[in-house]
>>> print(open('data.txt').read())   # compact mmCIF, C-alpha atoms and all ligand atoms
# COMPACT_ATOMS: atom_id res chain seq x y z
CA MET A 139 0.41 293.65 -107.20
CA THR A 140 1.43 297.16 -106.23
CA GLY A 141 3.37 299.39 -108.60
CA LEU A 142 6.45 299.19 -106.41
CA LYS A 143 6.38 295.41 -106.18
CA LYS A 144 5.92 295.19 -109.95
CA THR A 145 8.96 297.37 -110.47
CA ILE A 146 11.04 295.24 -108.14
CA VAL A 147 9.95 292.01 -109.81
CA ARG A 148 10.60 293.38 -113.28
CA GLY A 149 13.85 294.99 -112.17
CA GLY A 150 14.99 291.68 -110.69
CA LEU A 151 14.17 289.80 -113.87
CA GLU A 152 16.01 292.39 -115.97
CA THR A 153 19.08 292.33 -113.72
CA LEU A 154 19.26 288.56 -113.78
CA TYR A 155 18.90 288.51 -117.55
CA PHE A 156 21.40 291.20 -118.42
CA SER A 157 23.97 290.13 -115.84
CA ALA A 158 23.69 286.56 -117.17
CA ALA A 159 23.63 285.54 -113.51
CA HIS A 160 20.86 283.10 -114.34
CA HIS A 161 23.34 281.08 -116.44
CA LEU A 162 25.85 280.89 -113.59
CA MET A 163 23.15 279.99 -111.07
CA ARG A 164 21.66 277.27 -113.27
CA PRO A 165 23.33 274.18 -111.77
CA PHE A 166 22.11 275.15 -108.30
CA VAL A 167 18.66 276.46 -109.02
CA ALA A 168 17.37 274.82 -112.20
CA GLY A 169 15.95 271.68 -110.62
CA ILE A 170 14.52 268.97 -112.85
CA GLY A 171 11.66 270.84 -114.45
CA VAL A 172 8.99 273.52 -114.40
CA ILE A 173 5.20 273.68 -114.47
CA LEU A 174 4.00 276.81 -116.27
CA THR A 175 0.59 278.40 -115.63
CA LEU A 176 -1.61 280.39 -117.98
CA HIS A 177 -5.08 281.83 -117.59
CA HIS A 178 -6.42 283.86 -120.54
CA VAL A 179 -4.69 283.79 -123.92
CA ARG A 180 -6.26 286.41 -126.17
CA PRO A 181 -5.45 289.48 -128.28
CA PRO A 182 -4.76 292.68 -126.33
CA ARG A 183 -7.64 295.07 -125.65
CA ALA A 184 -7.44 298.88 -125.66
CA ASP A 185 -9.30 299.56 -122.37
CA GLN A 186 -7.42 301.75 -119.92
CA PHE A 187 -8.88 299.98 -116.92
CA GLN A 188 -7.85 296.31 -116.98
CA PRO A 189 -7.09 295.38 -113.39
CA ASN A 190 -7.13 291.64 -114.16
CA ARG A 191 -4.67 291.97 -117.04
CA LEU A 192 -1.98 290.09 -115.12
CA LEU A 193 -4.07 286.98 -115.83
CA GLU A 194 -3.79 287.23 -119.61
CA VAL A 195 -1.14 286.95 -122.28
CA THR A 196 -1.42 287.44 -126.03
CA PRO A 197 -1.38 284.61 -128.57
CA ASP A 198 1.81 286.11 -130.06
CA PHE A 199 3.53 285.89 -126.70
CA LEU A 200 2.47 282.28 -126.20
CA GLU A 201 3.71 281.49 -129.71
CA SER A 202 7.12 282.99 -128.90
CA VAL A 203 7.36 281.09 -125.59
CA VAL A 204 6.40 277.76 -127.15
CA SER A 205 8.74 278.23 -130.14
CA TRP A 206 11.57 279.02 -127.73
CA LEU A 207 10.78 275.95 -125.59
CA ARG A 208 10.73 273.77 -128.71
CA ARG A 209 14.19 275.10 -129.66
CA SER A 210 15.52 274.64 -126.12
CA ARG A 211 16.91 271.42 -124.72
CA VAL A 212 13.83 270.60 -122.63
CA ASP A 213 11.16 267.92 -122.83
CA LEU A 214 7.58 269.14 -123.07
CA ILE A 215 5.64 266.50 -121.16
CA ASP A 216 2.23 265.92 -119.59
CA LEU A 217 1.49 265.61 -115.88
CA ASP A 218 1.35 261.81 -115.86
CA GLU A 219 4.90 261.70 -117.26
CA MET A 220 5.99 264.35 -114.75
CA HIS A 221 4.48 262.25 -111.97
CA ARG A 222 6.32 259.19 -113.25
CA ARG A 223 9.66 261.00 -113.42
CA LEU A 224 9.23 262.42 -109.93
CA THR A 225 8.13 259.15 -108.30
CA GLU A 226 10.70 257.00 -110.11
CA GLY A 227 13.42 259.55 -109.45
CA GLU A 228 14.30 259.71 -113.12
CA VAL A 229 16.63 262.56 -113.94
CA GLY A 230 16.87 263.00 -117.66
CA ARG A 231 16.52 266.20 -119.61
CA ARG A 232 14.83 269.07 -117.88
CA PHE A 233 11.11 269.19 -118.54
CA VAL A 234 8.36 271.75 -118.87
CA CYS A 235 4.63 271.11 -118.29
CA MET A 236 2.01 273.54 -119.59
CA THR A 237 -1.11 274.12 -117.53
CA LEU A 238 -4.09 276.41 -118.21
CA ASP A 239 -6.49 277.24 -115.40
CA ASP A 240 -10.27 277.77 -115.36
CA GLY A 241 -11.27 276.60 -118.86
CA TYR A 242 -11.73 279.94 -120.59
CA ARG A 243 -13.07 279.83 -124.13
CA ASP A 244 -9.96 281.63 -125.36
CA THR A 245 -8.03 278.46 -124.50
CA LEU A 246 -9.91 276.76 -127.34
CA GLN A 247 -9.82 279.79 -129.65
CA PHE A 248 -6.26 281.02 -129.22
CA ALA A 249 -4.07 278.78 -127.05
CA TYR A 250 -5.07 275.40 -128.42
CA PRO A 251 -4.13 276.08 -132.08
CA ILE A 252 -0.64 277.18 -130.97
CA LEU A 253 -0.09 274.25 -128.59
CA LYS A 254 -1.48 271.83 -131.20
CA LYS A 255 0.79 273.18 -133.94
CA HIS A 256 3.84 272.62 -131.74
CA GLN A 257 2.47 269.32 -130.35
CA VAL A 258 2.71 270.53 -126.77
CA PRO A 259 0.83 268.44 -124.20
CA PHE A 260 -1.10 270.55 -121.71
CA THR A 261 -3.45 270.28 -118.75
CA LEU A 262 -6.70 272.17 -118.27
CA TYR A 263 -7.84 272.63 -114.68
CA ILE A 264 -11.64 273.00 -114.70
CA PRO A 265 -13.82 274.37 -111.87
CA THR A 266 -16.99 272.46 -112.76
CA SER A 267 -19.39 275.29 -111.86
CA PHE A 268 -17.98 277.28 -114.82
CA PRO A 269 -19.20 274.92 -117.59
CA ASP A 270 -22.28 274.27 -115.43
CA ARG A 271 -22.92 278.03 -115.78
CA LEU A 272 -23.20 278.53 -112.02
CA GLY A 273 -19.73 279.90 -111.38
CA GLU A 274 -19.02 283.22 -109.70
CA LEU A 275 -16.03 284.90 -111.31
CA TRP A 276 -16.08 287.42 -108.52
CA TRP A 277 -12.92 289.30 -109.54
CA LEU A 278 -14.68 290.18 -112.82
CA VAL A 279 -17.80 291.34 -110.95
CA LEU A 280 -15.63 293.72 -108.97
CA GLU A 281 -13.98 294.95 -112.18
CA ALA A 282 -17.35 295.46 -113.91
CA VAL A 283 -18.90 297.36 -110.99
CA ILE A 284 -15.94 299.74 -110.76
CA ALA A 285 -15.65 300.13 -114.54
CA ARG A 286 -19.32 301.04 -115.02
CA ASN A 287 -19.81 303.42 -112.08
CA ASP A 288 -18.32 306.73 -110.94
CA ARG A 289 -19.11 306.03 -107.31
CA VAL A 290 -19.28 302.66 -105.56
CA ARG A 291 -20.68 301.85 -102.14
CA LEU A 292 -19.20 298.91 -100.26
CA LEU A 293 -20.42 297.33 -97.06
CA ILE A 294 -17.27 297.14 -94.93
CA ASP A 295 -17.57 295.63 -91.45
CA GLY A 296 -21.32 296.29 -91.49
CA GLU A 297 -20.85 299.93 -92.44
CA GLU A 298 -21.60 301.34 -95.84
CA GLN A 299 -18.75 303.36 -97.30
CA ALA A 300 -18.74 305.29 -100.58
CA PHE A 301 -15.76 305.51 -102.93
CA GLU A 302 -15.32 307.91 -105.84
CA CYS A 303 -14.02 306.22 -108.98
CA ALA A 304 -14.70 308.47 -111.94
CA THR A 305 -11.13 308.48 -113.29
CA VAL A 306 -9.04 305.56 -114.46
CA ALA A 307 -6.53 306.21 -111.70
CA ASP A 308 -9.28 306.15 -109.06
CA LYS A 309 -10.71 302.97 -110.54
CA ARG A 310 -7.34 301.25 -110.40
CA HIS A 311 -6.78 302.38 -106.86
CA LEU A 312 -10.24 301.30 -105.70
CA PHE A 313 -9.92 297.91 -107.40
CA ASP A 314 -6.56 297.24 -105.74
CA GLU A 315 -7.85 298.22 -102.31
CA ALA A 316 -11.15 296.35 -102.61
CA TYR A 317 -9.44 293.27 -104.03
CA ARG A 318 -6.90 293.24 -101.23
CA TRP A 319 -9.68 293.66 -98.66
CA LEU A 320 -11.79 290.85 -100.16
CA ARG A 321 -8.81 288.52 -100.20
CA SER A 322 -8.10 289.36 -96.56
CA LEU A 323 -11.57 288.28 -95.40
CA ARG A 324 -11.45 285.26 -93.15
CA THR A 325 -13.97 283.09 -94.99
CA GLU A 326 -14.95 282.50 -98.60
CA ALA A 327 -18.60 282.95 -97.55
CA GLU A 328 -17.94 286.55 -96.45
CA LEU A 329 -16.21 287.34 -99.75
CA ARG A 330 -19.04 285.84 -101.81
CA ALA A 331 -21.67 287.71 -99.79
CA VAL A 332 -20.00 291.07 -100.50
CA VAL A 333 -19.67 290.30 -104.20
CA ARG A 334 -23.26 289.05 -104.57
CA ASP A 335 -24.49 292.18 -102.85
CA LEU A 336 -22.40 294.34 -105.20
CA ALA A 337 -23.65 292.49 -108.27
CA TYR A 338 -27.25 292.85 -107.12
CA ARG A 339 -27.04 296.55 -106.34
CA TYR A 340 -25.11 297.51 -109.48
CA GLN A 341 -27.01 295.12 -111.76
CA VAL A 342 -24.12 292.98 -112.87
CA ASP A 343 -25.20 289.54 -114.05
CA ILE A 344 -22.74 287.18 -112.33
CA ALA A 345 -23.72 284.10 -114.31
CA ALA A 346 -23.21 285.92 -117.62
CA PHE A 347 -19.41 285.81 -117.19
CA CYS A 348 -19.51 282.01 -117.42
CA ASP A 349 -21.52 282.09 -120.65
CA ASP A 350 -19.36 284.80 -122.18
CA LEU A 351 -15.93 283.60 -121.16
CA CYS A 352 -15.89 279.94 -120.18
CA MET A 353 -16.08 276.82 -122.27
CA SER A 354 -19.24 274.72 -122.24
CA TRP A 355 -19.05 270.98 -121.62
CA ASP A 356 -19.33 270.42 -125.39
CA GLU A 357 -16.34 272.66 -126.01
CA LEU A 358 -14.39 270.96 -123.24
CA ALA A 359 -15.24 267.57 -124.74
CA LYS A 360 -13.57 268.64 -128.01
CA LEU A 361 -10.35 269.38 -126.16
CA ALA A 362 -10.58 266.34 -123.90
CA ALA A 363 -10.72 264.12 -127.00
CA ASP A 364 -7.21 265.21 -128.00
CA PRO A 365 -4.47 262.97 -126.52
CA LEU A 366 -2.40 266.14 -125.95
CA VAL A 367 -4.94 267.30 -123.36
CA THR A 368 -5.20 266.24 -119.72
CA ILE A 369 -8.25 267.37 -117.76
CA GLY A 370 -7.53 268.24 -114.14
CA ALA A 371 -9.84 269.14 -111.26
CA HIS A 372 -10.01 272.69 -109.92
CA THR A 373 -12.87 272.27 -107.36
CA VAL A 374 -16.56 272.90 -108.09
CA ASN A 375 -16.94 276.53 -107.01
CA HIS A 376 -13.39 277.84 -107.38
CA VAL A 377 -13.15 278.54 -103.67
CA MET A 378 -10.09 279.39 -101.61
CA LEU A 379 -10.09 276.02 -99.88
CA ALA A 380 -8.24 277.16 -96.78
CA LYS A 381 -11.19 279.50 -96.11
CA VAL A 382 -13.94 276.85 -96.05
CA PRO A 383 -14.68 274.07 -93.51
CA GLU A 384 -12.89 270.73 -93.89
CA LYS A 385 -16.07 268.98 -95.03
CA SER A 386 -16.42 271.46 -97.90
CA VAL A 387 -12.77 271.07 -98.88
CA ARG A 388 -13.34 267.37 -99.27
CA SER A 389 -16.57 267.71 -101.23
CA GLU A 390 -15.20 270.51 -103.46
CA MET A 391 -12.31 268.27 -104.50
CA ASP A 392 -14.23 265.00 -104.72
CA MET A 393 -17.38 266.36 -106.39
CA SER A 394 -15.42 268.21 -109.05
CA ARG A 395 -13.67 264.98 -109.96
CA ALA A 396 -17.00 263.10 -110.10
CA VAL A 397 -18.67 265.79 -112.24
CA ILE A 398 -15.78 265.86 -114.72
CA GLU A 399 -15.83 262.08 -114.93
CA ALA A 400 -19.58 262.09 -115.59
CA ALA A 401 -19.38 264.88 -118.17
CA LEU A 402 -16.20 263.96 -120.05
CA GLY A 403 -15.64 260.30 -119.24
CA VAL A 404 -12.21 260.87 -117.72
CA ARG A 405 -11.46 260.75 -114.01
CA PRO A 406 -9.00 263.51 -113.12
CA ARG A 407 -5.78 262.36 -111.44
CA HIS A 408 -4.45 265.88 -111.00
CA LEU A 409 -5.73 268.87 -109.05
CA ALA A 410 -5.06 272.60 -108.91
CA TYR A 411 -5.97 274.59 -105.79
CA PRO A 412 -7.96 277.71 -106.79
CA VAL A 413 -5.99 280.93 -106.29
CA GLY A 414 -3.31 278.61 -104.96
CA ASP A 415 -1.26 280.88 -102.70
CA PRO A 416 -0.60 280.02 -99.02
CA THR A 417 -3.82 281.79 -97.91
CA SER A 418 -5.84 279.50 -100.20
CA ALA A 419 -4.14 276.13 -99.85
CA GLY A 420 -1.98 274.82 -97.02
CA PRO A 421 -1.12 271.60 -95.19
CA ARG A 422 -4.77 270.69 -94.50
CA GLU A 423 -5.62 270.89 -98.22
CA PHE A 424 -2.46 268.97 -99.22
CA ARG A 425 -3.42 266.20 -96.79
CA ILE A 426 -7.01 265.96 -98.05
CA ALA A 427 -5.90 265.88 -101.69
CA ALA A 428 -3.58 263.00 -100.78
CA GLU A 429 -6.36 261.18 -98.90
CA LEU A 430 -8.64 261.49 -101.92
CA GLY A 431 -5.98 259.83 -104.05
CA PHE A 432 -4.95 262.60 -106.44
CA ASN A 433 -1.56 261.84 -108.01
CA THR A 434 -0.44 265.47 -108.03
CA ALA A 435 -1.78 268.86 -107.01
CA VAL A 436 -0.41 272.27 -107.93
CA THR A 437 -0.33 275.57 -106.11
CA THR A 438 0.60 279.00 -107.44
CA ARG A 439 3.55 279.22 -105.04
CA PRO A 440 6.33 280.23 -107.42
CA GLY A 441 9.16 277.81 -108.00
CA VAL A 442 10.68 275.07 -110.16
CA LEU A 443 10.60 271.36 -109.35
CA PHE A 444 13.40 269.57 -107.55
CA ARG A 445 13.83 265.86 -106.86
CA ALA A 446 12.76 266.62 -103.28
CA HIS A 447 9.25 267.36 -104.56
CA ARG A 448 8.79 263.61 -104.81
CA ALA A 449 7.78 263.86 -101.14
CA HIS A 450 5.45 266.82 -101.82
CA LEU A 451 3.46 265.77 -104.88
CA LEU A 452 0.32 267.44 -103.53
CA ALA A 453 2.02 270.81 -103.04
CA LEU A 454 3.85 271.48 -106.28
CA PRO A 455 4.95 275.01 -107.22
CA ARG A 456 4.29 276.60 -110.60
CA ILE A 457 5.55 279.55 -112.58
CA SER A 458 2.93 281.91 -113.92
CA LEU A 459 3.31 283.56 -117.31
CA HIS A 460 2.26 286.98 -116.18
CA GLY A 461 0.41 289.50 -118.34
CA GLU A 462 2.53 292.36 -117.07
CA HIS A 463 5.82 290.63 -117.96
CA GLN A 464 5.29 289.50 -121.54
CA GLN A 465 8.91 289.40 -122.58
CA LEU A 466 10.69 286.23 -123.65
CA ARG A 467 13.77 287.29 -121.68
CA TYR A 468 11.74 287.24 -118.45
CA VAL A 469 10.47 283.76 -119.25
CA ARG A 470 14.05 282.56 -119.79
CA VAL A 471 15.05 283.81 -116.35
CA LEU A 472 11.91 282.35 -114.74
CA VAL A 473 12.28 278.94 -116.39
CA SER A 474 15.98 278.87 -115.41
CA GLY A 475 14.87 278.82 -111.76
CA ALA A 476 17.08 281.80 -110.91
CA ALA A 477 14.30 284.29 -110.20
CA THR A 478 12.24 282.00 -108.00
CA ALA A 479 15.39 280.85 -106.15
CA LEU A 480 16.03 284.46 -105.18
CA TRP A 481 12.37 285.09 -104.25
CA ASN A 482 12.33 281.90 -102.16
CA GLY A 483 15.66 282.59 -100.47
CA PHE A 484 17.13 279.48 -102.15
CA CYS A 485 14.65 277.31 -100.26
CA ARG A 486 13.75 274.50 -102.67
CA VAL A 487 10.53 273.12 -101.21
CA ASN A 488 7.77 275.29 -99.76
CA ALA A 489 4.95 273.03 -98.61
CA ALA A 490 4.20 274.38 -95.14
ZN ZN B 1 -8.44 279.18 -111.12
>>> encode(input="data.txt", output="structure tokens", more="lines below")
Ligand SMILES: [Zn+2]
Amino acid sequence: MTGLKKTIVRGGLETLYFSAAHHLMRPFVAGIGVILTLHHVRPPRADQFQPNRLLEVTPDFLESVVSWLRRSRVDLIDLDEMHRRLTEGEVGRRFVCMTLDDGYRDTLQFAYPILKKHQVPFTLYIPTSFPDRLGELWWLVLEAVIARNDRVRLLIDGEEQAFECATVADKRHLFDEAYRWLRSLRTEAELRAVVRDLAYRYQVDIAAFCDDLCMSWDELAKLAADPLVTIGAHTVNHVMLAKVPEKSVRSEMDMSRAVIEAALGVRPRHLAYPVGDPTSAGPREFRIAAELGFNTAVTTRPGVLFRAHRAHLLALPRISLHGEHQQLRYVRVLVSGAATALWNGFCRVNAA
């Protein structure tokens, strides 16, 4: 996210909070519930260059969010119960579902003890190549290459270009530009080729990120054994599904479910599209997820759930707890539905 966009988002959240507009808007925008998303939960680090920091929150912040939710008049429920309420059209108390993506080890170390203490059910979406130790966490490769070098050469449209990145400011700038460019590539294969080439030339061990950061199958089995935990599918290779051929979309979804069933003995009924924005998951992916028989599938399109989502169970919105906005007052505005209503122009369902 650019600095300007960050300022606007934060400014909007502040304005809504301090004007109390989110209270007035509640009857129109609150919907029936919310699915929250988390990635890393771990103590803060001192590094100046942390371009992926938006994907992490601190244990203290999670504790404050969960304590607030427990004090609020909401039900904390799992995805099967959410699915039941949506399909049966039950409108009771508003609900919140917790979801954690990717299966990072800090889920077990830091998030789980907090969620367990407060008896909060939660879903883990697992890309099976991560515990299989074959995953490519390409955004961390890009971070590592830029962090460890003062000058980086990138192959752009077949032409090698050099970028200076000796200072923190230059590193941040280069990361933002390179990330945006990688995400704009037409296919996942092109993106992976660039990142593999970078890792090779700058001696970054791609597979090591899985070992260092992601849970093993044994660790996942510990969590899966807890009735609070639902295991969801998140494809095999964590690909942007809209950027791979239809056959691969199908096998990525189906294989990940089969591998999780073989490894953990539970067949996932719920799916999360990797990355999850409209460039990564659209109508074709929603259709295939439905054909494969998933009960629900979540995007990262921001929004709360309305009764109308009953007809869009394979394209559900979520609200991300963002590392750059770790303030309880922002979470209150987000969970109220007011912020996402404004961002979405008061459009309730976005499944196109
Ligand atoms: Zn993910």
>>> closest_atom_pairs(input="data.txt", of="chain A", to="ligand ZN 1 (chain B)", cutoff="8 Å", atoms="all atoms listed in the file", output="CSV")
residue,atom,partner,partner_atom,distance
A:His177,CA,B:ZN1,ZN,7.8
A:Asp239,CA,B:ZN1,ZN,5.1
A:Asp240,CA,B:ZN1,ZN,4.8
A:Tyr263,CA,B:ZN1,ZN,7.5
A:Ile264,CA,B:ZN1,ZN,7.8
A:Pro265,CA,B:ZN1,ZN,7.3
A:His372,CA,B:ZN1,ZN,6.8
A:His376,CA,B:ZN1,ZN,6.3
A:Ala410,CA,B:ZN1,ZN,7.7
A:Tyr411,CA,B:ZN1,ZN,7.5
A:Pro412,CA,B:ZN1,ZN,4.6
A:Val413,CA,B:ZN1,ZN,5.7
>>> closest_residue(input="data.txt", among="A:Glu302, A:Glu228, A:Asp295, A:Asp343", to="Glu328 in chain A", atoms="only C-alpha atoms")
A:Asp295
>>> atom_distance(input="data.txt", atom1="CA of Leu275 in chain A", atom2="CA of Cys348 in chain A")
7.6 Å
>>> closest_residue(input="data.txt", among="A:Leu217, A:Leu280, A:Ile173, A:Ala371", to="Val333 in chain A", atoms="only C-alpha atoms")
A:Leu280
>>> atom_distance(input="data.txt", atom1="CA of Phe432 in chain A", atom2="CA of Arg407 in chain A")
5.1 Å
>>> atom_distance(input="data.txt", atom1="CA of Pro455 in chain A", atom2="CA of Arg439 in chain A")
4.9 Å
>>> closest_residue(input="data.txt", among="A:Phe444, A:Phe347, A:Tyr250, A:Tyr338", to="Leu278 in chain A", atoms="only C-alpha atoms")
A:Phe347
>>> residues_around(input="data.txt", residues="range 392-401 of chain A", least_positions_apart="3", cutoff="12 Å", atoms="all atoms listed in the file", output="PyMOL selection string")
chain A and resi 262-270+354-359+362+368-377+385-389+404-411+426-432
>>> write_last_selection(input="data.txt", atoms="C-alpha atoms", output="tab-separated table (two decimals), in the coordinates of the input")
chain	number	residue	atom	x	y	z
A	262	LEU	CA	-6.70	272.17	-118.27
A	263	TYR	CA	-7.84	272.63	-114.68
A	264	ILE	CA	-11.64	273.00	-114.70
A	265	PRO	CA	-13.82	274.37	-111.87
A	266	THR	CA	-16.99	272.46	-112.76
A	267	SER	CA	-19.39	275.29	-111.86
A	268	PHE	CA	-17.98	277.28	-114.82
A	269	PRO	CA	-19.20	274.92	-117.59
A	270	ASP	CA	-22.28	274.27	-115.43
A	354	SER	CA	-19.24	274.72	-122.24
A	355	TRP	CA	-19.05	270.98	-121.62
A	356	ASP	CA	-19.33	270.42	-125.39
A	357	GLU	CA	-16.34	272.66	-126.01
A	358	LEU	CA	-14.39	270.96	-123.24
A	359	ALA	CA	-15.24	267.57	-124.74
A	362	ALA	CA	-10.58	266.34	-123.90
A	368	THR	CA	-5.20	266.24	-119.72
A	369	ILE	CA	-8.25	267.37	-117.76
A	370	GLY	CA	-7.53	268.24	-114.14
A	371	ALA	CA	-9.84	269.14	-111.26
A	372	HIS	CA	-10.01	272.69	-109.92
A	373	THR	CA	-12.87	272.27	-107.36
A	374	VAL	CA	-16.56	272.90	-108.09
A	375	ASN	CA	-16.94	276.53	-107.01
A	376	HIS	CA	-13.39	277.84	-107.38
A	377	VAL	CA	-13.15	278.54	-103.67
A	385	LYS	CA	-16.07	268.98	-95.03
A	386	SER	CA	-16.42	271.46	-97.90
A	387	VAL	CA	-12.77	271.07	-98.88
A	388	ARG	CA	-13.34	267.37	-99.27
A	389	SER	CA	-16.57	267.71	-101.23
A	404	VAL	CA	-12.21	260.87	-117.72
A	405	ARG	CA	-11.46	260.75	-114.01
A	406	PRO	CA	-9.00	263.51	-113.12
A	407	ARG	CA	-5.78	262.36	-111.44
A	408	HIS	CA	-4.45	265.88	-111.00
A	409	LEU	CA	-5.73	268.87	-109.05
A	410	ALA	CA	-5.06	272.60	-108.91
A	411	TYR	CA	-5.97	274.59	-105.79
A	426	ILE	CA	-7.01	265.96	-98.05
A	427	ALA	CA	-5.90	265.88	-101.69
A	428	ALA	CA	-3.58	263.00	-100.78
A	429	GLU	CA	-6.36	261.18	-98.90
A	430	LEU	CA	-8.64	261.49	-101.92
A	431	GLY	CA	-5.98	259.83	-104.05
A	432	PHE	CA	-4.95	262.60	-106.44
>>> axis_aligned_box(input="data.txt", around="range 446-461 of chain A", padding_each_side="6 Å", output="lines of an AutoDock Vina configuration file")
center_x = 6.5
center_y = 276.6
center_z = -109.7
size_x = 24.4
size_y = 37.9
size_z = 29.2
>>> closest_residue(input="data.txt", among="A:Pro365, A:Gly273, A:Gly296, A:Pro251", to="Arg330 in chain A", atoms="all atoms listed in the file")
A:Gly273
>>> closest_atom_pairs(input="data.txt", of="range 366-468 of chain A", to="range 184-204 of chain A", cutoff="7 Å", atoms="all atoms listed in the file", output="Markdown table")
| residue | atom | partner | partner_atom | distance |
| --- | --- | --- | --- | --- |
| A:His460 | CA | A:Leu192 | CA | 5.4 |
| A:Gly461 | CA | A:Leu192 | CA | 4.1 |
| A:Glu462 | CA | A:Leu192 | CA | 5.4 |
| A:Gln464 | CA | A:Phe199 | CA | 6.5 |
| A:Leu466 | CA | A:Val203 | CA | 6.4 |
>>> closest_residue(input="data.txt", among="A:Phe424, A:Phe260, A:Tyr242, A:Tyr317", to="Asp349 in chain A", atoms="only C-alpha atoms")
A:Tyr242
>>> closest_residue(input="data.txt", among="A:Val473, A:Ala307, A:Leu246, A:Leu443", to="Val229 in chain A", atoms="only C-alpha atoms")
A:Leu443
>>> residues_around(input="data.txt", residues="Val279 in chain A", least_positions_apart="4", cutoff="8 Å", atoms="all atoms listed in the file", output="VMD selection string")
chain A and resid 275 283 333 336 to 337 342 344
>>> write_last_selection(input="data.txt", atoms="C-alpha atoms", output="compact mmCIF listing (two decimals), keeping the file's coordinate frame")
# COMPACT_ATOMS: atom_id res chain seq x y z
CA LEU A 275 -16.03 284.90 -111.31
CA VAL A 283 -18.90 297.36 -110.99
CA VAL A 333 -19.67 290.30 -104.20
CA LEU A 336 -22.40 294.34 -105.20
CA ALA A 337 -23.65 292.49 -108.27
CA VAL A 342 -24.12 292.98 -112.87
CA ILE A 344 -22.74 287.18 -112.33
>>> build_atoms(input="data.txt", residues="range 429-433 of chain A", atoms="all heavy atoms", output="PDB file, in the coordinates of the input")
ATOM      1  N   GLU A 429      -5.383 262.180 -99.361  1.00  0.00           N
ATOM      2  CA  GLU A 429      -6.360 261.180 -98.900  1.00  0.00           C
ATOM      3  C   GLU A 429      -7.341 260.807-100.002  1.00  0.00           C
ATOM      4  O   GLU A 429      -7.785 259.671-100.092  1.00  0.00           O
ATOM      5  CB  GLU A 429      -7.123 261.716 -97.681  1.00  0.00           C
ATOM      6  CG  GLU A 429      -6.293 261.725 -96.403  1.00  0.00           C
ATOM      7  CD  GLU A 429      -6.925 262.532 -95.266  1.00  0.00           C
ATOM      8  OE1 GLU A 429      -8.092 262.954 -95.384  1.00  0.00           O
ATOM      9  OE2 GLU A 429      -6.219 262.745 -94.260  1.00  0.00           O
ATOM     10  N   LEU A 430      -7.682 261.771-100.844  1.00  0.00           N
ATOM     11  CA  LEU A 430      -8.640 261.490-101.920  1.00  0.00           C
ATOM     12  C   LEU A 430      -7.966 260.787-103.103  1.00  0.00           C
ATOM     13  O   LEU A 430      -8.630 260.423-104.068  1.00  0.00           O
ATOM     14  CB  LEU A 430      -9.305 262.788-102.385  1.00  0.00           C
ATOM     15  CG  LEU A 430     -10.289 263.408-101.387  1.00  0.00           C
ATOM     16  CD1 LEU A 430     -10.771 264.769-101.870  1.00  0.00           C
ATOM     17  CD2 LEU A 430     -11.487 262.487-101.162  1.00  0.00           C
ATOM     18  N   GLY A 431      -6.667 260.643-103.041  1.00  0.00           N
ATOM     19  CA  GLY A 431      -5.980 259.830-104.050  1.00  0.00           C
ATOM     20  C   GLY A 431      -5.552 260.562-105.306  1.00  0.00           C
ATOM     21  O   GLY A 431      -5.272 259.932-106.328  1.00  0.00           O
ATOM     22  N   PHE A 432      -5.508 261.904-105.271  1.00  0.00           N
ATOM     23  CA  PHE A 432      -4.950 262.600-106.440  1.00  0.00           C
ATOM     24  C   PHE A 432      -3.468 262.267-106.566  1.00  0.00           C
ATOM     25  O   PHE A 432      -2.765 262.134-105.554  1.00  0.00           O
ATOM     26  CB  PHE A 432      -5.144 264.117-106.292  1.00  0.00           C
ATOM     27  CG  PHE A 432      -6.553 264.568-106.547  1.00  0.00           C
ATOM     28  CD1 PHE A 432      -7.419 264.852-105.497  1.00  0.00           C
ATOM     29  CD2 PHE A 432      -7.030 264.686-107.851  1.00  0.00           C
ATOM     30  CE1 PHE A 432      -8.728 265.257-105.737  1.00  0.00           C
ATOM     31  CE2 PHE A 432      -8.336 265.096-108.101  1.00  0.00           C
ATOM     32  CZ  PHE A 432      -9.196 265.377-107.040  1.00  0.00           C
ATOM     33  N   ASN A 433      -2.993 262.132-107.798  1.00  0.00           N
ATOM     34  CA  ASN A 433      -1.560 261.840-108.010  1.00  0.00           C
ATOM     35  C   ASN A 433      -0.695 263.065-107.770  1.00  0.00           C
ATOM     36  O   ASN A 433       0.398 262.960-107.210  1.00  0.00           O
ATOM     37  CB  ASN A 433      -1.322 261.346-109.436  1.00  0.00           C
ATOM     38  CG  ASN A 433      -1.779 259.913-109.619  1.00  0.00           C
ATOM     39  OD1 ASN A 433      -2.195 259.268-108.654  1.00  0.00           O
ATOM     40  ND2 ASN A 433      -1.719 259.423-110.842  1.00  0.00           N
TER      41      ASN A 433
END
